[in-house]
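Asks: My structure is stored as final28.cif, with mmCIF, C-alpha atoms.
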```cif
data_protein
loop_
_atom_site.label_atom_id
_atom_site.label_comp_id
_atom_site.auth_asym_id
_atom_site.auth_seq_id
_atom_site.Cartn_x
_atom_site.Cartn_y
_atom_site.Cartn_z
CA MET A 1 86.22 104.23 -89.13
CA ASN A 2 89.44 105.98 -89.95
CA GLN A 3 90.10 104.65 -93.41
CA ALA A 4 89.35 106.51 -96.61
CA PRO A 5 86.34 105.12 -98.49
CA THR A 6 88.05 105.49 -101.88
CA ASP A 7 91.44 106.35 -103.31
CA ARG A 8 90.51 109.92 -104.23
CA THR A 9 89.29 110.68 -100.71
CA ARG A 10 92.49 109.47 -99.04
CA VAL A 11 94.23 112.46 -97.47
CA ARG A 12 97.92 112.45 -98.41
CA ARG A 13 99.31 115.62 -96.84
CA VAL A 14 99.39 115.61 -93.01
CA ALA A 15 97.34 112.42 -93.08
CA SER A 16 97.15 112.51 -89.29
CA ASN A 17 94.63 115.35 -89.65
CA ALA A 18 92.28 113.16 -91.71
CA HIS A 19 88.98 111.82 -90.38
CA TYR A 20 86.64 109.47 -92.21
CA ASP A 21 83.97 108.85 -89.56
CA SER A 22 80.34 109.94 -89.90
CA ALA A 23 80.21 111.85 -86.62
CA THR A 24 82.98 114.23 -87.71
CA LEU A 25 81.49 114.62 -91.18
CA HIS A 26 77.99 115.29 -89.87
CA ALA A 27 79.22 117.86 -87.34
CA ILE A 28 81.10 119.82 -90.02
CA ILE A 29 78.10 119.85 -92.36
CA ASP A 30 75.62 120.69 -89.60
CA ASP A 31 77.71 123.71 -88.58
CA ALA A 32 77.59 125.06 -92.15
CA TYR A 33 74.98 126.98 -94.10
CA LEU A 34 77.06 127.03 -97.26
CA CYS A 35 79.14 124.67 -99.35
CA HIS A 36 81.25 125.14 -102.47
CA ILE A 37 80.63 122.77 -105.38
CA ALA A 38 83.18 122.01 -108.10
CA PHE A 39 82.00 120.69 -111.44
CA SER A 40 83.15 120.96 -115.04
CA ASP A 41 81.47 121.73 -118.32
CA GLY A 42 82.57 122.88 -121.75
CA LYS A 43 83.57 126.26 -120.30
CA GLY A 44 85.94 124.82 -117.69
CA ALA A 45 85.82 124.04 -113.98
CA HIS A 46 83.39 126.01 -111.85
CA CYS A 47 83.31 126.57 -108.10
CA ILE A 48 79.84 127.62 -106.98
CA PRO A 49 78.78 128.55 -103.44
CA THR A 50 75.31 127.42 -102.45
CA ALA A 51 73.24 126.79 -99.34
CA CYS A 52 73.30 123.24 -97.94
CA TRP A 53 71.90 121.10 -95.18
CA ARG A 54 71.97 117.46 -94.12
CA GLU A 55 69.45 114.75 -93.47
CA GLY A 56 70.78 111.34 -92.52
CA ASP A 57 73.57 110.33 -94.86
CA HIS A 58 72.85 112.87 -97.59
CA LEU A 59 73.80 116.50 -98.15
CA TYR A 60 71.01 118.57 -99.74
CA ILE A 61 71.03 121.68 -101.90
CA HIS A 62 68.38 123.45 -103.92
CA GLY A 63 68.27 125.72 -106.91
CA SER A 64 66.18 127.20 -109.62
CA ASN A 65 65.29 124.64 -112.30
CA GLY A 66 66.93 126.67 -115.00
CA SER A 67 70.26 127.24 -113.29
CA ARG A 68 73.42 126.04 -114.97
CA MET A 69 74.55 124.40 -111.76
CA VAL A 70 71.38 122.34 -111.34
CA LYS A 71 71.51 121.17 -114.95
CA HIS A 72 75.11 120.03 -114.72
CA LEU A 73 74.98 118.47 -111.29
CA ILE A 74 72.28 116.07 -112.37
CA GLU A 75 74.43 114.83 -115.23
CA SER A 76 77.94 114.73 -113.89
CA GLU A 77 80.17 114.01 -110.94
CA CYS A 78 81.18 116.79 -108.62
CA CYS A 79 83.00 117.58 -105.41
CA VAL A 80 81.29 119.38 -102.53
CA THR A 81 83.48 121.09 -99.96
CA ILE A 82 82.71 122.79 -96.66
CA THR A 83 85.39 124.63 -94.73
CA HIS A 84 85.25 126.34 -91.34
CA LEU A 85 88.25 128.51 -90.56
CA ASP A 86 88.80 128.59 -86.79
CA GLY A 87 92.02 130.51 -86.29
CA LEU A 88 95.45 131.67 -87.38
CA VAL A 89 98.34 129.65 -85.95
CA LEU A 90 101.38 131.83 -85.28
CA ALA A 91 104.54 129.72 -85.05
CA ARG A 92 108.09 130.79 -84.29
CA SER A 93 109.25 130.19 -87.86
CA ALA A 94 107.58 131.54 -90.98
CA PHE A 95 107.36 128.01 -92.41
CA ASN A 96 105.39 126.55 -89.51
CA HIS A 97 102.63 129.13 -89.55
CA SER A 98 99.31 127.45 -90.18
CA MET A 99 95.56 127.76 -89.77
CA ASN A 100 93.09 125.84 -87.65
CA TYR A 101 90.15 124.60 -89.67
CA ARG A 102 87.55 121.89 -90.15
CA SER A 103 86.86 120.81 -93.71
CA ALA A 104 84.80 118.13 -95.43
CA MET A 105 84.90 116.97 -99.05
CA VAL A 106 82.20 114.84 -100.63
CA TYR A 107 82.54 113.19 -104.05
CA GLY A 108 79.70 111.81 -106.11
CA THR A 109 76.73 112.70 -108.25
CA PHE A 110 73.62 114.54 -107.08
CA GLU A 111 70.19 113.00 -107.57
CA VAL A 112 66.91 114.87 -107.88
CA VAL A 113 64.56 114.69 -104.89
CA GLU A 114 60.97 114.66 -106.12
CA GLY A 115 57.45 115.34 -104.86
CA ASP A 116 56.73 115.04 -101.16
CA ALA A 117 60.34 114.18 -100.44
CA ALA A 118 61.39 117.52 -101.93
CA ARG A 119 58.88 119.39 -99.76
CA HIS A 120 60.03 117.50 -96.71
CA ALA A 121 63.65 118.35 -97.53
CA MET A 122 62.89 122.07 -97.90
CA GLU A 123 61.11 122.00 -94.55
CA ALA A 124 64.15 120.38 -93.00
CA PHE A 125 66.24 123.25 -94.37
CA MET A 126 63.87 125.79 -92.81
CA LYS A 127 64.13 123.90 -89.53
CA LYS A 128 67.90 124.28 -89.63
CA VAL A 129 67.69 128.00 -90.42
CA ALA A 130 64.91 128.91 -87.97
CA PRO A 131 63.32 126.09 -85.93
CA GLY A 132 59.55 126.49 -85.73
CA ARG A 133 59.33 129.03 -88.53
CA GLN A 134 57.83 126.65 -91.11
CA ALA A 135 54.47 126.74 -89.30
CA GLU A 136 54.43 130.55 -89.32
CA ILE A 137 55.30 131.48 -92.90
CA ARG A 138 53.28 131.49 -96.06
CA PRO A 139 54.13 127.98 -97.28
CA GLY A 140 55.45 127.24 -100.74
CA SER A 141 52.85 127.09 -103.51
CA ASP A 142 52.73 124.33 -106.10
CA LYS A 143 54.13 126.79 -108.63
CA GLU A 144 57.04 127.72 -106.35
CA TYR A 145 57.87 124.10 -105.64
CA ALA A 146 57.66 123.33 -109.35
CA ALA A 147 60.24 126.05 -110.06
CA THR A 148 62.69 124.67 -107.51
CA THR A 149 64.92 121.63 -107.87
CA VAL A 150 66.01 119.87 -104.70
CA LEU A 151 69.13 117.74 -105.04
CA ARG A 152 70.95 115.41 -102.69
CA ILE A 153 74.29 113.66 -102.71
CA SER A 154 75.27 110.60 -100.72
CA LEU A 155 77.87 111.09 -98.02
CA ALA A 156 79.36 107.65 -98.72
CA GLU A 157 82.46 109.02 -100.46
CA ALA A 158 83.77 111.72 -98.17
CA ALA A 159 86.78 112.83 -96.20
CA CYS A 160 87.33 115.35 -93.46
CA LYS A 161 90.50 117.17 -92.53
CA MET A 162 90.94 119.23 -89.40
CA ARG A 163 93.66 121.09 -87.58
CA THR A 164 93.34 122.16 -83.97
CA GLY A 165 95.72 123.37 -81.28
CA GLY A 166 98.79 125.54 -81.08
CA PRO A 167 101.86 125.89 -83.28
CA ASN A 168 104.08 122.91 -84.07
CA ASP A 169 107.53 124.43 -84.11
CA ASP A 170 110.78 122.71 -84.84
CA GLU A 171 112.77 121.99 -81.68
CA GLU A 172 115.61 124.30 -82.70
CA ASP A 173 113.19 127.24 -83.08
CA MET A 174 111.60 126.97 -79.63
CA ASN A 175 113.78 129.68 -78.12
CA TRP A 176 113.29 132.18 -80.93
CA PRO A 177 112.13 135.34 -79.11
CA VAL A 178 108.70 135.77 -80.65
CA TRP A 179 105.15 135.42 -79.35
CA ALA A 180 103.58 132.11 -80.39
CA GLY A 181 100.02 130.94 -80.20
CA VAL A 182 96.67 131.01 -81.93
CA LEU A 183 94.43 133.91 -82.97
CA PRO A 184 91.02 132.23 -82.97
CA TRP A 185 87.74 133.52 -84.24
CA ALA A 186 84.13 132.47 -84.32
CA ARG A 187 81.04 133.16 -86.36
CA THR A 188 79.06 135.32 -83.97
CA PRO A 189 75.36 136.19 -84.30
CA LEU A 190 74.70 139.93 -84.35
CA ALA A 191 71.49 141.69 -83.35
CA PRO A 192 68.52 140.71 -85.58
CA GLN A 193 67.47 143.39 -88.07
CA GLN A 194 63.71 143.57 -88.20
CA ASP A 195 62.13 144.52 -91.53
CA PRO A 196 60.85 148.13 -91.09
CA ALA A 197 57.53 146.97 -92.60
CA CYS A 198 57.14 144.38 -89.83
CA SER A 199 55.84 145.34 -86.39
CA LEU A 200 55.29 141.84 -85.00
CA PRO A 201 57.09 140.62 -81.88
CA ALA A 202 60.16 138.45 -82.47
CA PRO A 203 59.60 134.68 -82.15
CA ALA A 204 61.76 132.44 -79.96
CA TYR A 205 64.30 131.59 -82.64
CA VAL A 206 64.94 135.30 -83.29
CA LEU A 207 65.32 136.03 -79.58
CA ASP A 208 67.61 133.01 -79.30
CA TRP A 209 69.73 134.35 -82.15
CA ALA A 210 70.24 137.64 -80.35
CA ALA A 211 71.14 135.83 -77.14
CA LYS A 212 73.70 133.47 -78.68
CA MET B 1 82.88 148.88 -114.86
CA ASN B 2 79.74 146.84 -114.48
CA GLN B 3 80.07 144.55 -117.46
CA ALA B 4 81.29 140.95 -117.30
CA PRO B 5 84.82 140.53 -118.70
CA THR B 6 83.89 137.25 -120.44
CA ASP B 7 80.84 135.15 -121.20
CA ARG B 8 81.48 132.62 -118.43
CA THR B 9 81.75 135.35 -115.79
CA ARG B 10 78.45 136.97 -116.74
CA VAL B 11 76.02 136.48 -113.85
CA ARG B 12 72.67 135.22 -115.18
CA ARG B 13 70.56 134.69 -112.06
CA VAL B 14 69.60 137.88 -110.19
CA ALA B 15 72.00 139.78 -112.44
CA SER B 16 71.29 142.96 -110.48
CA ASN B 17 73.44 141.48 -107.68
CA ALA B 18 76.47 141.20 -109.99
CA HIS B 19 79.51 143.47 -109.71
CA TYR B 20 82.50 143.48 -112.03
CA ASP B 21 84.54 146.38 -110.64
CA SER B 22 87.97 145.99 -109.05
CA ALA B 23 87.08 147.75 -105.81
CA THR B 24 84.36 145.24 -104.98
CA LEU B 25 86.55 142.30 -106.01
CA HIS B 26 89.54 143.50 -103.99
CA ALA B 27 87.42 144.11 -100.88
CA ILE B 28 85.98 140.59 -100.98
CA ILE B 29 89.41 138.99 -101.40
CA ASP B 30 91.04 141.19 -98.77
CA ASP B 31 88.41 140.19 -96.21
CA ALA B 32 89.17 136.49 -96.79
CA TYR B 33 91.90 134.18 -95.53
CA LEU B 34 90.61 131.25 -97.53
CA CYS B 35 89.40 130.45 -101.02
CA HIS B 36 88.03 127.30 -102.64
CA ILE B 37 89.59 126.21 -105.93
CA ALA B 38 87.87 123.98 -108.48
CA PHE B 39 89.95 122.01 -110.96
CA SER B 40 89.64 118.71 -112.76
CA ASP B 41 91.93 115.75 -113.32
CA GLY B 42 91.49 112.12 -114.30
CA LYS B 43 89.76 111.45 -110.97
CA GLY B 44 87.07 114.07 -111.46
CA ALA B 45 86.44 117.62 -110.27
CA HIS B 46 88.02 118.70 -107.01
CA CYS B 47 87.15 121.57 -104.68
CA ILE B 48 90.11 122.40 -102.45
CA PRO B 49 90.17 125.03 -99.69
CA THR B 50 93.44 126.91 -99.34
CA ALA B 51 94.83 130.12 -97.87
CA CYS B 52 94.88 133.14 -100.17
CA TRP B 53 95.89 136.76 -100.28
CA ARG B 54 96.04 139.56 -102.84
CA GLU B 55 98.68 141.87 -104.22
CA GLY B 56 97.63 144.30 -106.92
CA ASP B 57 95.62 142.50 -109.57
CA HIS B 58 96.60 138.95 -108.60
CA LEU B 59 95.35 136.45 -106.06
CA TYR B 60 98.13 134.39 -104.45
CA ILE B 61 98.21 130.93 -102.91
CA HIS B 62 101.01 128.65 -101.79
CA GLY B 63 101.48 124.96 -101.33
CA SER B 64 103.94 122.16 -100.92
CA ASN B 65 105.76 121.36 -104.18
CA GLY B 66 104.51 117.80 -104.17
CA SER B 67 100.83 118.53 -103.64
CA ARG B 68 98.33 117.35 -106.20
CA MET B 69 96.73 120.76 -106.27
CA VAL B 70 99.97 122.61 -107.07
CA LYS B 71 100.81 120.16 -109.85
CA HIS B 72 97.44 120.49 -111.51
CA LEU B 73 96.98 124.22 -111.11
CA ILE B 74 100.14 124.93 -113.03
CA GLU B 75 98.89 122.89 -115.97
CA SER B 76 95.22 123.63 -116.23
CA GLU B 77 92.47 126.20 -115.89
CA CYS B 78 90.59 126.55 -112.65
CA CYS B 79 87.98 128.60 -110.85
CA VAL B 80 88.75 130.29 -107.53
CA THR B 81 85.81 131.27 -105.33
CA ILE B 82 85.58 133.24 -102.11
CA THR B 83 82.30 133.54 -100.22
CA HIS B 84 81.44 135.50 -97.10
CA LEU B 85 78.08 134.61 -95.59
CA ASP B 86 76.67 137.65 -93.81
CA GLY B 87 73.21 136.65 -92.69
CA LEU B 88 69.99 134.69 -93.03
CA VAL B 89 67.14 136.57 -94.69
CA LEU B 90 63.76 135.59 -93.24
CA ALA B 91 60.95 136.47 -95.62
CA ARG B 92 57.20 136.10 -95.17
CA SER B 93 56.99 133.26 -97.68
CA ALA B 94 59.14 130.14 -97.72
CA PHE B 95 60.14 130.82 -101.30
CA ASN B 96 61.56 134.29 -100.66
CA HIS B 97 63.91 133.25 -97.87
CA SER B 98 67.48 134.06 -98.82
CA MET B 99 70.96 134.73 -97.52
CA ASN B 100 73.09 137.84 -97.52
CA TYR B 101 76.56 137.16 -98.89
CA ARG B 102 79.52 138.56 -100.79
CA SER B 103 81.15 136.22 -103.29
CA ALA B 104 83.88 136.45 -105.90
CA MET B 105 84.77 134.01 -108.67
CA VAL B 106 88.03 134.15 -110.62
CA TYR B 107 88.70 132.10 -113.75
CA GLY B 108 92.10 131.46 -115.27
CA THR B 109 95.34 129.58 -114.88
CA PHE B 110 97.83 130.02 -112.04
CA GLU B 111 101.44 130.85 -112.79
CA VAL B 112 104.44 130.04 -110.60
CA VAL B 113 106.04 132.94 -108.74
CA GLU B 114 109.79 132.38 -108.54
CA GLY B 115 112.79 133.54 -106.52
CA ASP B 116 112.69 136.91 -104.81
CA ALA B 117 109.15 137.51 -106.02
CA ALA B 118 108.05 134.35 -104.18
CA ARG B 119 109.71 135.50 -100.97
CA HIS B 120 108.15 138.91 -101.30
CA ALA B 121 104.72 137.31 -101.84
CA MET B 122 105.07 135.13 -98.74
CA GLU B 123 106.03 138.21 -96.72
CA ALA B 124 102.94 139.98 -98.03
CA PHE B 125 100.87 137.04 -96.78
CA MET B 126 102.47 137.33 -93.33
CA LYS B 127 101.72 141.04 -93.37
CA LYS B 128 98.06 140.28 -93.97
CA VAL B 129 97.95 137.68 -91.19
CA ALA B 130 99.94 139.61 -88.60
CA PRO B 131 101.36 143.01 -89.57
CA GLY B 132 104.90 143.46 -88.26
CA ARG B 133 105.45 139.79 -87.45
CA GLN B 134 107.78 139.07 -90.38
CA ALA B 135 110.59 140.99 -88.64
CA GLU B 136 110.14 138.97 -85.43
CA ILE B 137 110.01 135.36 -86.61
CA ARG B 138 112.68 132.96 -87.68
CA PRO B 139 112.59 133.68 -91.42
CA GLY B 140 112.22 130.99 -94.04
CA SER B 141 115.40 129.07 -94.94
CA ASP B 142 116.49 128.37 -98.50
CA LYS B 143 115.39 124.76 -97.99
CA GLU B 144 111.93 125.81 -96.77
CA TYR B 145 111.45 128.21 -99.65
CA ALA B 146 112.61 125.52 -102.07
CA ALA B 147 109.92 123.17 -100.74
CA THR B 148 107.14 125.72 -101.22
CA THR B 149 105.48 126.74 -104.46
CA VAL B 150 103.92 130.20 -104.64
CA LEU B 151 101.27 130.61 -107.32
CA ARG B 152 99.29 133.59 -108.53
CA ILE B 153 96.29 134.05 -110.79
CA SER B 154 95.29 137.22 -112.62
CA LEU B 155 92.08 138.89 -111.49
CA ALA B 156 91.26 139.91 -115.07
CA GLU B 157 88.50 137.32 -115.50
CA ALA B 158 86.35 137.67 -112.40
CA ALA B 159 82.84 138.34 -111.21
CA CYS B 160 81.34 139.23 -107.85
CA LYS B 161 77.84 138.64 -106.60
CA MET B 162 76.42 140.13 -103.43
CA ARG B 163 73.15 140.32 -101.61
CA THR B 164 72.47 142.82 -98.85
CA GLY B 165 69.41 144.13 -97.09
CA GLY B 166 66.11 142.76 -95.88
CA PRO B 167 63.61 140.33 -97.36
CA ASN B 168 62.03 140.94 -100.76
CA ASP B 169 58.53 139.66 -100.30
CA ASP B 170 55.77 139.52 -102.86
CA GLU B 171 53.21 142.31 -102.39
CA GLU B 172 50.42 139.86 -101.58
CA ASP B 173 52.46 138.31 -98.73
CA MET B 174 53.24 141.55 -96.90
CA ASN B 175 50.44 141.13 -94.38
CA TRP B 176 51.22 137.52 -93.55
CA PRO B 177 51.51 137.52 -89.73
CA VAL B 178 55.12 136.45 -89.32
CA TRP B 179 58.29 138.19 -88.18
CA ALA B 180 60.47 139.25 -91.10
CA GLY B 181 64.03 140.49 -91.17
CA VAL B 182 67.65 139.46 -91.20
CA LEU B 183 69.65 137.35 -88.76
CA PRO B 184 73.17 138.67 -89.39
CA TRP B 185 76.48 137.36 -88.15
CA ALA B 186 80.10 138.33 -88.25
CA ARG B 187 83.47 136.66 -87.95
CA THR B 188 84.52 137.79 -84.50
CA PRO B 189 88.06 137.54 -83.08
CA LEU B 190 88.21 135.59 -79.81
CA ALA B 191 90.86 135.94 -77.09
CA PRO B 192 94.36 134.96 -78.32
CA GLN B 193 95.60 131.59 -77.06
CA GLN B 194 99.24 131.87 -76.09
CA ASP B 195 101.40 128.79 -76.56
CA PRO B 196 102.06 127.42 -73.03
CA ALA B 197 105.75 127.18 -73.97
CA CYS B 198 105.83 130.93 -74.70
CA SER B 199 106.16 133.49 -71.90
CA LEU B 200 106.84 136.56 -74.02
CA PRO B 201 104.54 139.59 -73.96
CA ALA B 202 102.00 139.85 -76.77
CA PRO B 203 102.97 142.17 -79.64
CA ALA B 204 100.68 144.91 -80.93
CA TYR B 205 98.94 142.77 -83.57
CA VAL B 206 97.99 140.19 -80.91
CA LEU B 207 96.69 142.88 -78.56
CA ASP B 208 94.80 144.40 -81.50
CA TRP B 209 93.23 141.02 -82.27
CA ALA B 210 91.89 140.74 -78.75
CA ALA B 211 90.54 144.28 -78.89
CA LYS B 212 88.75 143.87 -82.20
#
```
Just give me the structure of the file as structure tokens.
Replies:
Amino acid sequence: MNQAPTDRTRVRRVASNAHYDSATLHAIIDDAYLCHIAFSDGKGAHCIPTACWREGDHLYIHGSNGSRMVKHLIESECCVTITHLDGLVLARSAFNHSMNYRSAMVYGTFEVVEGDAARHAMEAFMKKVAPGRQAEIRPGSDKEYAATTVLRISLAEAACKMRTGGPNDDEEDMNWPVWAGVLPWARTPLAPQQDPACSLPAPAYVLDWAAK
Amino acid sequence: MNQAPTDRTRVRRVASNAHYDSATLHAIIDDAYLCHIAFSDGKGAHCIPTACWREGDHLYIHGSNGSRMVKHLIESECCVTITHLDGLVLARSAFNHSMNYRSAMVYGTFEVVEGDAARHAMEAFMKKVAPGRQAEIRPGSDKEYAATTVLRISLAEAACKMRTGGPNDDEEDMNWPVWAGVLPWARTPLAPQQDPACSLPAPAYVLDWAAK
């Protein structure tokens, strides 16, 4: 599917970089631990970063019951955006410099996930963060779950935009005597930092982190 | 200065993680190539990722004259957010899991930067991306500059929130038999990818990138 689901998700600028298929959308979300959410209230537009994860065709977040964000997201439409920046694109002309990235935007309204479904969703989040850890930790108490709101938003109204590859220079600039190419980067795991109060051996997912 | 400049920038949740000083704000912006901007129009709230840089007490962005974002940002208030995710914090209880991050939020209205000031701002952006490159590339033409809008927003109304360090577990969970600590990561430069059509030697800033 390479057609925008709605008018406001149709990418206008460099439309050739747009993607509307689930596989692209899921991959961008699954590679993220964080999204930014735009919503408005009487004090203006807000852009809040928060942890996110995916199950099926929904993006999940969680928050403290009392948070401003949770209160507003239940009531009103929002836009959720995830962006991975993959590199700086150095072209021969100033104008054609660019960046390589993968971004996803989701429009809609969050709904509250209740009861067992909320617990299941939080466990799915833990599985994303550290597979196998849920069975090892002190699980959430009823009081802790009661203080936490889990929300999800449908991925039905979404659009992705990506740029990959080298510079796209104008033909007449191709002989300009300057280095051209991409300066890429990656999010790289660093050595795990064990809590000084913990003397237990590292589990597989911690060893895997160090080895990535 | 550790007092919020306005009511809407006052951090309520874990207020001890809030910072309102310029040094913290500048460091978070200067470490970023990308911000997310929230604004609203008749189609709802939007959260748009875009390149950013800083000069003095302003955050700068640029865009194509015709873009929806540029049109709306000139007319209305917005919220600009930058977030660096530094690590996953693995606590002994599910509830106390967290993330280490550095985030900045700026509220206000963008203003258009015109003429020589716009050219200077774009050169400052190039300097951030690749110091020394401005003198090597084919500079922007009058037509290219005319097609680009440079915008800036004052950093006067801003707030930062950061979390660092290991897990904060409840006293009664400290003996739970599970590994605890932080899984950190970093944005790591990868080897530069030279354009196949370019056979020139790499300049210092490209060699520096590879050596980072």
Asks: With distances taken over all atoms listed in the file, which residue among A:Ser93, A:Asn65, A:Thr148, A:Asn168 lies nearest chain B?
Replies: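 Of the candidates, the smallest distance to chain B is held by A:Ser93.
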Asks: With 7 Å as the cut-off and only C-alpha atoms counted, what is the closest atom pair between each nearby residue of chain B and chain A? Distances in Å to one decimal, ordered by chain and number, as JSON lines.
Replies:
```
{"residue": "B:Arg8", "atom": "CA", "partner": "A:Lys43", "partner_atom": "CA", "distance": 7.0}
{"residue": "B:Ile37", "atom": "CA", "partner": "A:Cys47", "partner_atom": "CA", "distance": 6.7}
{"residue": "B:Ala38", "atom": "CA", "partner": "A:Ala38", "partner_atom": "CA", "distance": 5.1}
{"residue": "B:Phe39", "atom": "CA", "partner": "A:Ala45", "partner_atom": "CA", "distance": 5.5}
{"residue": "B:Ser40", "atom": "CA", "partner": "A:Ala45", "partner_atom": "CA", "distance": 6.7}
{"residue": "B:Lys43", "atom": "CA", "partner": "A:Arg8", "partner_atom": "CA", "distance": 7.0}
{"residue": "B:Gly44", "atom": "CA", "partner": "A:Glu77", "partner_atom": "CA", "distance": 6.9}
{"residue": "B:Ala45", "atom": "CA", "partner": "A:Phe39", "partner_atom": "CA", "distance": 5.5}
{"residue": "B:His46", "atom": "CA", "partner": "A:Cys79", "partner_atom": "CA", "distance": 5.4}
{"residue": "B:Cys47", "atom": "CA", "partner": "A:Ala38", "partner_atom": "CA", "distance": 5.3}
{"residue": "B:Pro49", "atom": "CA", "partner": "A:Thr83", "partner_atom": "CA", "distance": 6.9}
{"residue": "B:Glu77", "atom": "CA", "partner": "A:Gly44", "partner_atom": "CA", "distance": 6.9}
{"residue": "B:Cys78", "atom": "CA", "partner": "A:Ala45", "partner_atom": "CA", "distance": 5.6}
{"residue": "B:Cys79", "atom": "CA", "partner": "A:His46", "partner_atom": "CA", "distance": 5.4}
{"residue": "B:Val80", "atom": "CA", "partner": "A:Cys47", "partner_atom": "CA", "distance": 6.6}
{"residue": "B:Thr81", "atom": "CA", "partner": "A:Cys47", "partner_atom": "CA", "distance": 6.0}
{"residue": "B:Thr83", "atom": "CA", "partner": "A:Pro49", "partner_atom": "CA", "distance": 6.9}
{"residue": "B:Arg92", "atom": "CA", "partner": "A:Ile137", "partner_atom": "CA", "distance": 5.5}
{"residue": "B:Ser93", "atom": "CA", "partner": "A:Arg138", "partner_atom": "CA", "distance": 4.4}
{"residue": "B:Ala94", "atom": "CA", "partner": "A:Pro139", "partner_atom": "CA", "distance": 5.5}
{"residue": "B:Phe95", "atom": "CA", "partner": "A:Gly140", "partner_atom": "CA", "distance": 5.9}
{"residue": "B:Glu136", "atom": "CA", "partner": "A:Val178", "partner_atom": "CA", "distance": 5.9}
{"residue": "B:Ile137", "atom": "CA", "partner": "A:Ser93", "partner_atom": "CA", "distance": 5.4}
{"residue": "B:Arg138", "atom": "CA", "partner": "A:Ser93", "partner_atom": "CA", "distance": 4.4}
{"residue": "B:Pro139", "atom": "CA", "partner": "A:Ala94", "partner_atom": "CA", "distance": 5.5}
{"residue": "B:Gly140", "atom": "CA", "partner": "A:Ala94", "partner_atom": "CA", "distance": 5.6}
{"residue": "B:Glu144", "atom": "CA", "partner": "A:Phe95", "partner_atom": "CA", "distance": 6.7}
{"residue": "B:Gly166", "atom": "CA", "partner": "A:Asp195", "partner_atom": "CA", "distance": 6.2}
{"residue": "B:Trp176", "atom": "CA", "partner": "A:Arg138", "partner_atom": "CA", "distance": 6.8}
{"residue": "B:Val178", "atom": "CA", "partner": "A:Glu136", "partner_atom": "CA", "distance": 5.9}
{"residue": "B:Trp179", "atom": "CA", "partner": "A:Leu200", "partner_atom": "CA", "distance": 5.7}
{"residue": "B:Ala180", "atom": "CA", "partner": "A:Asp195", "partner_atom": "CA", "distance": 5.5}
{"residue": "B:Gly181", "atom": "CA", "partner": "A:Gln194", "partner_atom": "CA", "distance": 4.3}
{"residue": "B:Val182", "atom": "CA", "partner": "A:Gln193", "partner_atom": "CA", "distance": 5.0}
{"residue": "B:Leu183", "atom": "CA", "partner": "A:Pro192", "partner_atom": "CA", "distance": 4.8}
{"residue": "B:Pro184", "atom": "CA", "partner": "A:Leu190", "partner_atom": "CA", "distance": 5.4}
{"residue": "B:Trp185", "atom": "CA", "partner": "A:Pro189", "partner_atom": "CA", "distance": 4.2}
{"residue": "B:Ala186", "atom": "CA", "partner": "A:Thr188", "partner_atom": "CA", "distance": 5.3}
{"residue": "B:Arg187", "atom": "CA", "partner": "A:Arg187", "partner_atom": "CA", "distance": 4.5}
{"residue": "B:Thr188", "atom": "CA", "partner": "A:Ala186", "partner_atom": "CA", "distance": 5.3}
{"residue": "B:Pro189", "atom": "CA", "partner": "A:Trp185", "partner_atom": "CA", "distance": 4.2}
{"residue": "B:Leu190", "atom": "CA", "partner": "A:Trp185", "partner_atom": "CA", "distance": 4.9}
{"residue": "B:Ala191", "atom": "CA", "partner": "A:Pro184", "partner_atom": "CA", "distance": 7.0}
{"residue": "B:Pro192", "atom": "CA", "partner": "A:Leu183", "partner_atom": "CA", "distance": 4.8}
{"residue": "B:Gln193", "atom": "CA", "partner": "A:Val182", "partner_atom": "CA", "distance": 5.0}
{"residue": "B:Gln194", "atom": "CA", "partner": "A:Gly181", "partner_atom": "CA", "distance": 4.3}
{"residue": "B:Asp195", "atom": "CA", "partner": "A:Gly181", "partner_atom": "CA", "distance": 4.4}
{"residue": "B:Cys198", "atom": "CA", "partner": "A:Ala180", "partner_atom": "CA", "distance": 6.2}
{"residue": "B:Leu200", "atom": "CA", "partner": "A:Trp179", "partner_atom": "CA", "distance": 5.7}
{"residue": "B:Pro201", "atom": "CA", "partner": "A:Trp179", "partner_atom": "CA", "distance": 6.8}
{"residue": "B:Ala202", "atom": "CA", "partner": "A:Trp179", "partner_atom": "CA", "distance": 6.0}
```
Asks: Using all atoms listed in the file, find the one residue out of B:Arg54, B:Arg102, B:His120, B:Arg152 that sits nearest to B:Asp30.
Replies: B:Arg54
Asks: Using the chain letters and numbers from the file, which residues does the PyMOL selection byres ((chain A and resi 157-159) around 8) grab, as a tab-separated table (two decimals) with C-alpha atoms, in the frame of the given file?
Replies:
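As a result, part.tsv now contains:
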```
chain	number	residue	atom	x	y	z
A	4	ALA	CA	89.35	106.51	-96.61
A	5	PRO	CA	86.34	105.12	-98.49
A	6	THR	CA	88.05	105.49	-101.88
A	9	THR	CA	89.29	110.68	-100.71
A	10	ARG	CA	92.49	109.47	-99.04
A	11	VAL	CA	94.23	112.46	-97.47
A	18	ALA	CA	92.28	113.16	-91.71
A	19	HIS	CA	88.98	111.82	-90.38
A	20	TYR	CA	86.64	109.47	-92.21
A	25	LEU	CA	81.49	114.62	-91.18
A	104	ALA	CA	84.80	118.13	-95.43
A	105	MET	CA	84.90	116.97	-99.05
A	106	VAL	CA	82.20	114.84	-100.63
A	107	TYR	CA	82.54	113.19	-104.05
A	108	GLY	CA	79.70	111.81	-106.11
A	154	SER	CA	75.27	110.60	-100.72
A	155	LEU	CA	77.87	111.09	-98.02
A	156	ALA	CA	79.36	107.65	-98.72
A	160	CYS	CA	87.33	115.35	-93.46
A	161	LYS	CA	90.50	117.17	-92.53
```
